[in-house]
Every structure is written in structure tokens, then in C-alpha cells.
Amino acid sequence: MSVEEPRRIVLFRHAKADWPEVTDHERPLAERGRRDAAVAGRRLTDTGIHVDLALCSTSTRTRETWKLAVHEFPQRPKTVYEERIYEASPGELIALLNESPDDVRNIVMVGHNPGIQGLADILSGRSDGDAGERMRRRGFPAAAFAVVSFDGPWKALEPGAGTLIDYWAPEE
């Protein structure tokens, strides 16, 4: 693969979680979250992006979101459950993406707000079509995802380097 081919990062917020009496890290998905995660997986498949690697937070709700979403994919990518995503800042998430091998073209990162939304905002120096307007209008609700495209190696990923090319959020 040449570094001239654009890379894509799908920034995927976990689906709606329930609030049982467990630690935040162990919160499971609510019934609506289970439905929205599957819908998000179908919508991600519709983008036509072949995901090479999934980086998923270790929290219960992100793991459940990913399991339901990836079930909709024609081919399951390699998945790494990464504890550094939980409660990470956008800068910490960029540092994690900078560690990605150069043979990986497209990554989905399943995480939490405010980090995932902040990362989408920080990476997107530009936006295609109305994706930026839709993201500003809707915010980044549970099960939403943004797709950011950029050129160059992962170690060169930095604020403003990308273009927001797609955004999706479930119906309210």
C-alpha cells in the first residue's frame, strides 16, 4: 500500500448504555443501544469502507456495541480491545492512532464522549458536503459515527490533517 492512498478513521461512539448499579466501566447497553448498534453496523457497511483494524475500548458498553455492529459486516476486521481508549482525551486518542502499522489503511475506533466527538472535531480541518453541518447540528449522540479521511502515514496524523467525509447518527 502506498501512503498516497487516503486512510479513513471511523470514530464510533458506543450505543446507549443502561444505568444499573455497576461501575461506569461495566455499564451494559440498554435495549435501545442494542438496536442502534446493529443499525449503525449496517450503516457502516453501506459506506463501503473496508475496515482493516478495530480499536475498541475495554468497557462493557463499547465491547457490546462493537460485537453487534461488526455482526453486520461482510468480513470481520482484526479487533484490539484497548484500555487506553476509556476516558481518553482527543490528544491521547491521536497518540494511540499514531502507533498504528502503516499496512493498515482503515480503522474504526469505538469509544466514548467527549473524546470521540472531540477527536472528530480536532482532526477535521475540512468537511465534504454537509457532513460537518450535520455533525454540528446533531452533536455526537450514542451510536453516532464520523468518518475522517487523511493522507500520509499514521505517525503523521495530527489536528486538522483530515477531512470529515461522512457522519451518521441514529434517529432520535
# chains A, B, ... in the order shown; residues from 1 in each chain; ligands from 1
call {"tool": "select_by_dssp", "arguments": {"residues": "region 55-96 of chain A", "states": "alpha helix (DSSP H)", "output": "list in words"}}
result
Thr60, Arg61, Thr62, Arg63, Glu64, Thr65, Trp66, Lys67, Leu68, Ala69, Val70, Pro90, Gly91, Glu92, Leu93, Ile94, Ala95 and Leu96 of chain A
call {"tool": "select_by_dssp", "arguments": {"residues": "chain A", "states": "strand (DSSP E or B)", "output": "number ranges by chain"}}
result
A: 7-13, 17, 29, 53-56, 78-81, 106-111, 124-127, 145-150, 162-168
call {"tool": "closest_residue", "arguments": {"among": "A:Glu21, A:Asp46, A:Glu92, A:Asp36", "to": "Gly118 (chain A)", "atoms": "only C-alpha atoms"}}
result
A:Glu92
call {"tool": "closest_atom_pairs", "arguments": {"of": "region 4-117 of chain A", "to": "region 139-153 of chain A", "cutoff": "8 Å", "atoms": "only C-alpha atoms", "output": "JSON lines"}}
result
{"residue": "A:Glu4", "atom": "CA", "partner": "A:Asp151", "partner_atom": "CA", "distance": 6.1}
{"residue": "A:Glu5", "atom": "CA", "partner": "A:Asp151", "partner_atom": "CA", "distance": 6.6}
{"residue": "A:Pro6", "atom": "CA", "partner": "A:Asp151", "partner_atom": "CA", "distance": 4.7}
{"residue": "A:Arg7", "atom": "CA", "partner": "A:Phe150", "partner_atom": "CA", "distance": 5.4}
{"residue": "A:Arg8", "atom": "CA", "partner": "A:Ser149", "partner_atom": "CA", "distance": 4.4}
{"residue": "A:Ile9", "atom": "CA", "partner": "A:Val148", "partner_atom": "CA", "distance": 5.2}
{"residue": "A:Val10", "atom": "CA", "partner": "A:Val147", "partner_atom": "CA", "distance": 4.5}
{"residue": "A:Leu11", "atom": "CA", "partner": "A:Ala146", "partner_atom": "CA", "distance": 5.2}
{"residue": "A:Phe12", "atom": "CA", "partner": "A:Phe145", "partner_atom": "CA", "distance": 4.3}
{"residue": "A:Arg13", "atom": "CA", "partner": "A:Ala143", "partner_atom": "CA", "distance": 5.2}
{"residue": "A:His14", "atom": "CA", "partner": "A:Ala143", "partner_atom": "CA", "distance": 5.1}
{"residue": "A:Ala15", "atom": "CA", "partner": "A:Ala143", "partner_atom": "CA", "distance": 4.0}
{"residue": "A:Lys16", "atom": "CA", "partner": "A:Ala142", "partner_atom": "CA", "distance": 5.1}
{"residue": "A:Gly33", "atom": "CA", "partner": "A:Ala143", "partner_atom": "CA", "distance": 7.4}
{"residue": "A:Asp36", "atom": "CA", "partner": "A:Ala143", "partner_atom": "CA", "distance": 6.3}
{"residue": "A:Ala37", "atom": "CA", "partner": "A:Ala143", "partner_atom": "CA", "distance": 6.0}
{"residue": "A:Ala40", "atom": "CA", "partner": "A:Ala143", "partner_atom": "CA", "distance": 6.5}
{"residue": "A:Thr65", "atom": "CA", "partner": "A:Ala143", "partner_atom": "CA", "distance": 7.9}
{"residue": "A:Asp102", "atom": "CA", "partner": "A:Pro153", "partner_atom": "CA", "distance": 6.1}
{"residue": "A:Asn113", "atom": "CA", "partner": "A:Phe140", "partner_atom": "CA", "distance": 7.9}
{"residue": "A:Gln117", "atom": "CA", "partner": "A:Phe140", "partner_atom": "CA", "distance": 6.0}
call {"tool": "closest_residue", "arguments": {"among": "A:Glu26, A:Val39, A:Asp52, A:Asp18", "to": "Asp103 (chain A)", "atoms": "only C-alpha atoms"}}
result
A:Asp52
call {"tool": "residues_around", "arguments": {"residues": "Gly160 (chain A)", "least_positions_apart": "6", "cutoff": "9 Å", "atoms": "only C-alpha atoms", "output": "list in words"}}
result
Asp121, Ile122, Leu123, Ser124, Gly125 and Arg126 of chain A
call {"tool": "atom_distance", "arguments": {"atom1": "CA of Leu96 (chain A)", "atom2": "CA of Ala38 (chain A)"}}
result
26.2 Å
call {"tool": "residues_around", "arguments": {"residues": "Arg134 (chain A)", "least_positions_apart": "6", "cutoff": "10 Å", "atoms": "only C-alpha atoms", "output": "ChimeraX atom specification"}}
result
/A:140,166-169
call {"tool": "write_last_selection", "arguments": {"atoms": "C-alpha atoms", "output": "tab-separated table (two decimals), in the first residue's frame"}}
result
chain	number	residue	atom	x	y	z
A	140	PHE	CA	-22.49	13.13	18.77
A	166	ASP	CA	-19.33	11.19	6.46
A	167	TYR	CA	-21.38	11.46	9.62
A	168	TRP	CA	-24.30	9.37	10.81
A	169	ALA	CA	-26.43	9.31	13.97
call {"tool": "residues_around", "arguments": {"residues": "Thr45 (chain A)", "least_positions_apart": "4", "cutoff": "12 Å", "atoms": "only C-alpha atoms", "output": "VMD selection string"}}
result
chain A and resid 10 38 to 41 49 to 51 69 to 76 108
call {"tool": "write_last_selection", "arguments": {"atoms": "N, CA, C and O atoms", "output": "CSV table (one decimal), in the first residue's frame"}}
result
chain,number,residue,atom,x,y,z
A,10,VAL,N,-12.9,5.7,11.3
A,10,VAL,CA,-14.3,5.8,11.7
A,10,VAL,C,-14.3,6.0,13.2
A,10,VAL,O,-13.9,5.1,13.9
A,38,ALA,N,-26.7,-2.3,16.1
A,38,ALA,CA,-26.9,-3.1,14.8
A,38,ALA,C,-27.2,-2.2,13.6
A,38,ALA,O,-26.6,-2.4,12.6
A,39,VAL,N,-28.0,-1.2,13.8
A,39,VAL,CA,-28.3,-0.3,12.7
A,39,VAL,C,-27.1,0.5,12.3
A,39,VAL,O,-26.8,0.6,11.1
A,40,ALA,N,-26.3,0.9,13.3
A,40,ALA,CA,-25.0,1.6,13.0
A,40,ALA,C,-24.1,0.7,12.2
A,40,ALA,O,-23.4,1.1,11.3
A,41,GLY,N,-24.0,-0.6,12.5
A,41,GLY,CA,-23.2,-1.6,11.8
A,41,GLY,C,-23.7,-1.7,10.4
A,41,GLY,O,-22.8,-1.7,9.4
A,49,ILE,N,-16.6,1.2,3.2
A,49,ILE,CA,-15.2,1.3,3.8
A,49,ILE,C,-14.9,-0.1,4.3
A,49,ILE,O,-15.6,-0.7,5.1
A,50,HIS,N,-13.8,-0.7,3.8
A,50,HIS,CA,-13.3,-1.9,4.3
A,50,HIS,C,-12.4,-1.6,5.5
A,50,HIS,O,-11.3,-1.1,5.4
A,51,VAL,N,-12.9,-2.0,6.7
A,51,VAL,CA,-12.1,-1.7,7.9
A,51,VAL,C,-11.1,-2.8,8.1
A,51,VAL,O,-11.4,-4.0,8.1
A,69,ALA,N,-22.4,-4.3,16.1
A,69,ALA,CA,-22.2,-3.6,14.8
A,69,ALA,C,-21.4,-4.5,13.8
A,69,ALA,O,-21.7,-4.6,12.7
A,70,VAL,N,-20.3,-5.1,14.3
A,70,VAL,CA,-19.5,-5.9,13.4
A,70,VAL,C,-20.2,-7.1,12.8
A,70,VAL,O,-19.8,-7.6,11.8
A,71,HIS,N,-21.2,-7.6,13.5
A,71,HIS,CA,-22.0,-8.7,13.1
A,71,HIS,C,-22.6,-8.4,11.7
A,71,HIS,O,-22.9,-9.3,10.9
A,72,GLU,N,-22.8,-7.1,11.4
A,72,GLU,CA,-23.4,-6.7,10.1
A,72,GLU,C,-22.3,-6.6,9.0
A,72,GLU,O,-22.7,-6.4,7.9
A,73,PHE,N,-21.1,-6.7,9.3
A,73,PHE,CA,-20.0,-6.5,8.3
A,73,PHE,C,-19.9,-7.8,7.5
A,73,PHE,O,-20.0,-8.9,8.0
A,74,PRO,N,-19.5,-7.6,6.2
A,74,PRO,CA,-19.3,-8.8,5.4
A,74,PRO,C,-18.0,-9.6,5.8
A,74,PRO,O,-18.0,-10.8,5.6
A,75,GLN,N,-17.1,-8.9,6.4
A,75,GLN,CA,-15.8,-9.5,6.9
A,75,GLN,C,-15.4,-8.8,8.2
A,75,GLN,O,-15.3,-7.6,8.2
A,76,ARG,N,-15.1,-9.6,9.2
A,76,ARG,CA,-14.7,-9.1,10.5
A,76,ARG,C,-13.3,-8.7,10.5
A,76,ARG,O,-12.4,-9.5,10.2
A,108,VAL,N,-11.5,1.6,12.6
A,108,VAL,CA,-12.7,2.0,13.4
A,108,VAL,C,-12.2,2.1,14.8
A,108,VAL,O,-11.6,1.2,15.3
call {"tool": "closest_residue", "arguments": {"among": "A:Ser89, A:Arg43, A:Asp128, A:Arg61", "to": "Glu31 (chain A)", "atoms": "only C-alpha atoms"}}
result
A:Arg61
call {"tool": "atom_distance", "arguments": {"atom1": "CA of Arg84 (chain A)", "atom2": "CA of Ile107 (chain A)"}}
result
15.9 Å
call {"tool": "closest_residue", "arguments": {"among": "A:Leu55, A:Lys155, A:Gly129, A:Ile116", "to": "Ala95 (chain A)", "atoms": "only C-alpha atoms"}}
result
A:Lys155
call {"tool": "closest_residue", "arguments": {"among": "A:Asp130, A:His112, A:Arg137, A:Arg105", "to": "Ala17 (chain A)", "atoms": "only C-alpha atoms"}}
result
A:His112
call {"tool": "closest_residue", "arguments": {"among": "A:Ile94, A:Ala161, A:Leu53, A:Val104", "to": "Thr79 (chain A)", "atoms": "only C-alpha atoms"}}
result
A:Leu53
call {"tool": "residues_around", "arguments": {"residues": "Thr62 (chain A)", "least_positions_apart": "2", "cutoff": "9 Å", "atoms": "only C-alpha atoms", "output": "VMD selection string"}}
result
chain A and resid 13 to 15 28 to 29 56 to 60 64 to 67 110 to 112
call {"tool": "decode", "arguments": {"residues": "region 14-26 of chain A", "atoms": "all heavy atoms", "output": "PDB file, in the first residue's frame"}}
result
ATOM      1  N   HIS A  14     -20.003   4.563  21.447  1.00  0.00           N
ATOM      2  CA  HIS A  14     -20.802   3.417  21.888  1.00  0.00           C
ATOM      3  C   HIS A  14     -22.291   3.772  21.873  1.00  0.00           C
ATOM      4  O   HIS A  14     -22.669   4.936  21.986  1.00  0.00           O
ATOM      5  CB  HIS A  14     -20.377   2.967  23.292  1.00  0.00           C
ATOM      6  CG  HIS A  14     -20.666   3.977  24.353  1.00  0.00           C
ATOM      7  ND1 HIS A  14     -21.927   4.174  24.878  1.00  0.00           N
ATOM      8  CD2 HIS A  14     -19.858   4.873  24.964  1.00  0.00           C
ATOM      9  CE1 HIS A  14     -21.881   5.144  25.777  1.00  0.00           C
ATOM     10  NE2 HIS A  14     -20.634   5.583  25.847  1.00  0.00           N
ATOM     11  N   ALA A  15     -23.108   2.750  21.748  1.00  0.00           N
ATOM     12  CA  ALA A  15     -24.560   2.926  21.750  1.00  0.00           C
ATOM     13  C   ALA A  15     -25.051   3.229  23.177  1.00  0.00           C
ATOM     14  O   ALA A  15     -24.282   3.170  24.147  1.00  0.00           O
ATOM     15  CB  ALA A  15     -25.226   1.682  21.178  1.00  0.00           C
ATOM     16  N   LYS A  16     -26.330   3.536  23.270  1.00  0.00           N
ATOM     17  CA  LYS A  16     -26.928   3.958  24.545  1.00  0.00           C
ATOM     18  C   LYS A  16     -26.767   2.888  25.620  1.00  0.00           C
ATOM     19  O   LYS A  16     -27.134   1.733  25.433  1.00  0.00           O
ATOM     20  CB  LYS A  16     -28.410   4.272  24.347  1.00  0.00           C
ATOM     21  CG  LYS A  16     -29.071   4.805  25.586  1.00  0.00           C
ATOM     22  CD  LYS A  16     -30.369   5.485  25.256  1.00  0.00           C
ATOM     23  CE  LYS A  16     -31.039   6.060  26.473  1.00  0.00           C
ATOM     24  NZ  LYS A  16     -30.246   7.016  27.208  1.00  0.00           N
ATOM     25  N   ALA A  17     -26.233   3.310  26.738  1.00  0.00           N
ATOM     26  CA  ALA A  17     -25.971   2.394  27.854  1.00  0.00           C
ATOM     27  C   ALA A  17     -27.072   2.473  28.900  1.00  0.00           C
ATOM     28  O   ALA A  17     -27.769   3.472  29.024  1.00  0.00           O
ATOM     29  CB  ALA A  17     -24.623   2.716  28.492  1.00  0.00           C
ATOM     30  N   ASP A  18     -27.185   1.420  29.650  1.00  0.00           N
ATOM     31  CA  ASP A  18     -28.109   1.344  30.769  1.00  0.00           C
ATOM     32  C   ASP A  18     -27.394   1.873  32.021  1.00  0.00           C
ATOM     33  O   ASP A  18     -26.173   2.097  31.995  1.00  0.00           O
ATOM     34  CB  ASP A  18     -28.529  -0.120  30.972  1.00  0.00           C
ATOM     35  CG  ASP A  18     -29.857  -0.246  31.691  1.00  0.00           C
ATOM     36  OD1 ASP A  18     -30.425   0.772  32.126  1.00  0.00           O
ATOM     37  OD2 ASP A  18     -30.335  -1.392  31.824  1.00  0.00           O
ATOM     38  N   TRP A  19     -28.128   2.068  33.097  1.00  0.00           N
ATOM     39  CA  TRP A  19     -27.562   2.605  34.340  1.00  0.00           C
ATOM     40  C   TRP A  19     -27.792   1.681  35.537  1.00  0.00           C
ATOM     41  O   TRP A  19     -28.279   2.124  36.575  1.00  0.00           O
ATOM     42  CB  TRP A  19     -28.152   3.988  34.638  1.00  0.00           C
ATOM     43  CG  TRP A  19     -27.666   5.027  33.699  1.00  0.00           C
ATOM     44  CD1 TRP A  19     -28.242   5.399  32.522  1.00  0.00           C
ATOM     45  CD2 TRP A  19     -26.497   5.811  33.828  1.00  0.00           C
ATOM     46  NE1 TRP A  19     -27.492   6.376  31.917  1.00  0.00           N
ATOM     47  CE2 TRP A  19     -26.416   6.658  32.701  1.00  0.00           C
ATOM     48  CE3 TRP A  19     -25.478   5.882  34.797  1.00  0.00           C
ATOM     49  CZ2 TRP A  19     -25.382   7.550  32.505  1.00  0.00           C
ATOM     50  CZ3 TRP A  19     -24.462   6.780  34.606  1.00  0.00           C
ATOM     51  CH2 TRP A  19     -24.418   7.602  33.469  1.00  0.00           C
ATOM     52  N   PRO A  20     -27.444   0.402  35.439  1.00  0.00           N
ATOM     53  CA  PRO A  20     -27.605  -0.453  36.629  1.00  0.00           C
ATOM     54  C   PRO A  20     -26.547  -0.082  37.666  1.00  0.00           C
ATOM     55  O   PRO A  20     -25.643   0.702  37.393  1.00  0.00           O
ATOM     56  CB  PRO A  20     -27.368  -1.856  36.077  1.00  0.00           C
ATOM     57  CG  PRO A  20     -26.438  -1.651  34.937  1.00  0.00           C
ATOM     58  CD  PRO A  20     -26.818  -0.312  34.337  1.00  0.00           C
ATOM     59  N   GLU A  21     -26.664  -0.667  38.817  1.00  0.00           N
ATOM     60  CA  GLU A  21     -25.716  -0.351  39.889  1.00  0.00           C
ATOM     61  C   GLU A  21     -24.430  -1.152  39.722  1.00  0.00           C
ATOM     62  O   GLU A  21     -24.168  -2.117  40.445  1.00  0.00           O
ATOM     63  CB  GLU A  21     -26.371  -0.602  41.245  1.00  0.00           C
ATOM     64  CG  GLU A  21     -27.500   0.367  41.496  1.00  0.00           C
ATOM     65  CD  GLU A  21     -27.861   0.488  42.953  1.00  0.00           C
ATOM     66  OE1 GLU A  21     -27.037   0.175  43.828  1.00  0.00           O
ATOM     67  OE2 GLU A  21     -28.991   0.912  43.207  1.00  0.00           O
ATOM     68  N   VAL A  22     -23.642  -0.710  38.748  1.00  0.00           N
ATOM     69  CA  VAL A  22     -22.320  -1.277  38.489  1.00  0.00           C
ATOM     70  C   VAL A  22     -21.378  -0.101  38.257  1.00  0.00           C
ATOM     71  O   VAL A  22     -21.819   1.042  38.102  1.00  0.00           O
ATOM     72  CB  VAL A  22     -22.316  -2.219  37.254  1.00  0.00           C
ATOM     73  CG1 VAL A  22     -23.193  -3.445  37.490  1.00  0.00           C
ATOM     74  CG2 VAL A  22     -22.754  -1.494  36.001  1.00  0.00           C
ATOM     75  N   THR A  23     -20.087  -0.363  38.201  1.00  0.00           N
ATOM     76  CA  THR A  23     -19.143   0.717  37.917  1.00  0.00           C
ATOM     77  C   THR A  23     -19.384   1.230  36.501  1.00  0.00           C
ATOM     78  O   THR A  23     -19.946   0.530  35.651  1.00  0.00           O
ATOM     79  CB  THR A  23     -17.680   0.231  38.027  1.00  0.00           C
ATOM     80  OG1 THR A  23     -17.440  -0.731  36.997  1.00  0.00           O
ATOM     81  CG2 THR A  23     -17.382  -0.349  39.408  1.00  0.00           C
ATOM     82  N   ASP A  24     -18.946   2.437  36.225  1.00  0.00           N
ATOM     83  CA  ASP A  24     -19.132   3.024  34.896  1.00  0.00           C
ATOM     84  C   ASP A  24     -18.542   2.130  33.815  1.00  0.00           C
ATOM     85  O   ASP A  24     -19.134   1.933  32.760  1.00  0.00           O
ATOM     86  CB  ASP A  24     -18.498   4.419  34.838  1.00  0.00           C
ATOM     87  CG  ASP A  24     -18.719   5.064  33.493  1.00  0.00           C
ATOM     88  OD1 ASP A  24     -19.879   5.399  33.178  1.00  0.00           O
ATOM     89  OD2 ASP A  24     -17.735   5.205  32.737  1.00  0.00           O
ATOM     90  N   HIS A  25     -17.378   1.579  34.069  1.00  0.00           N
ATOM     91  CA  HIS A  25     -16.702   0.736  33.087  1.00  0.00           C
ATOM     92  C   HIS A  25     -17.528  -0.499  32.732  1.00  0.00           C
ATOM     93  O   HIS A  25     -17.446  -1.006  31.616  1.00  0.00           O
ATOM     94  CB  HIS A  25     -15.326   0.325  33.625  1.00  0.00           C
ATOM     95  CG  HIS A  25     -14.451  -0.309  32.606  1.00  0.00           C
ATOM     96  ND1 HIS A  25     -14.456  -1.672  32.375  1.00  0.00           N
ATOM     97  CD2 HIS A  25     -13.543   0.215  31.743  1.00  0.00           C
ATOM     98  CE1 HIS A  25     -13.590  -1.955  31.425  1.00  0.00           C
ATOM     99  NE2 HIS A  25     -13.025  -0.827  31.011  1.00  0.00           N
ATOM    100  N   GLU A  26     -18.344  -0.981  33.651  1.00  0.00           N
ATOM    101  CA  GLU A  26     -19.098  -2.223  33.459  1.00  0.00           C
ATOM    102  C   GLU A  26     -20.537  -2.000  32.999  1.00  0.00           C
ATOM    103  O   GLU A  26     -21.299  -2.960  32.875  1.00  0.00           O
ATOM    104  CB  GLU A  26     -19.093  -3.044  34.756  1.00  0.00           C
ATOM    105  CG  GLU A  26     -17.705  -3.404  35.241  1.00  0.00           C
ATOM    106  CD  GLU A  26     -16.847  -4.070  34.162  1.00  0.00           C
ATOM    107  OE1 GLU A  26     -17.345  -4.956  33.455  1.00  0.00           O
ATOM    108  OE2 GLU A  26     -15.670  -3.669  34.019  1.00  0.00           O
TER     109      GLU A  26
END
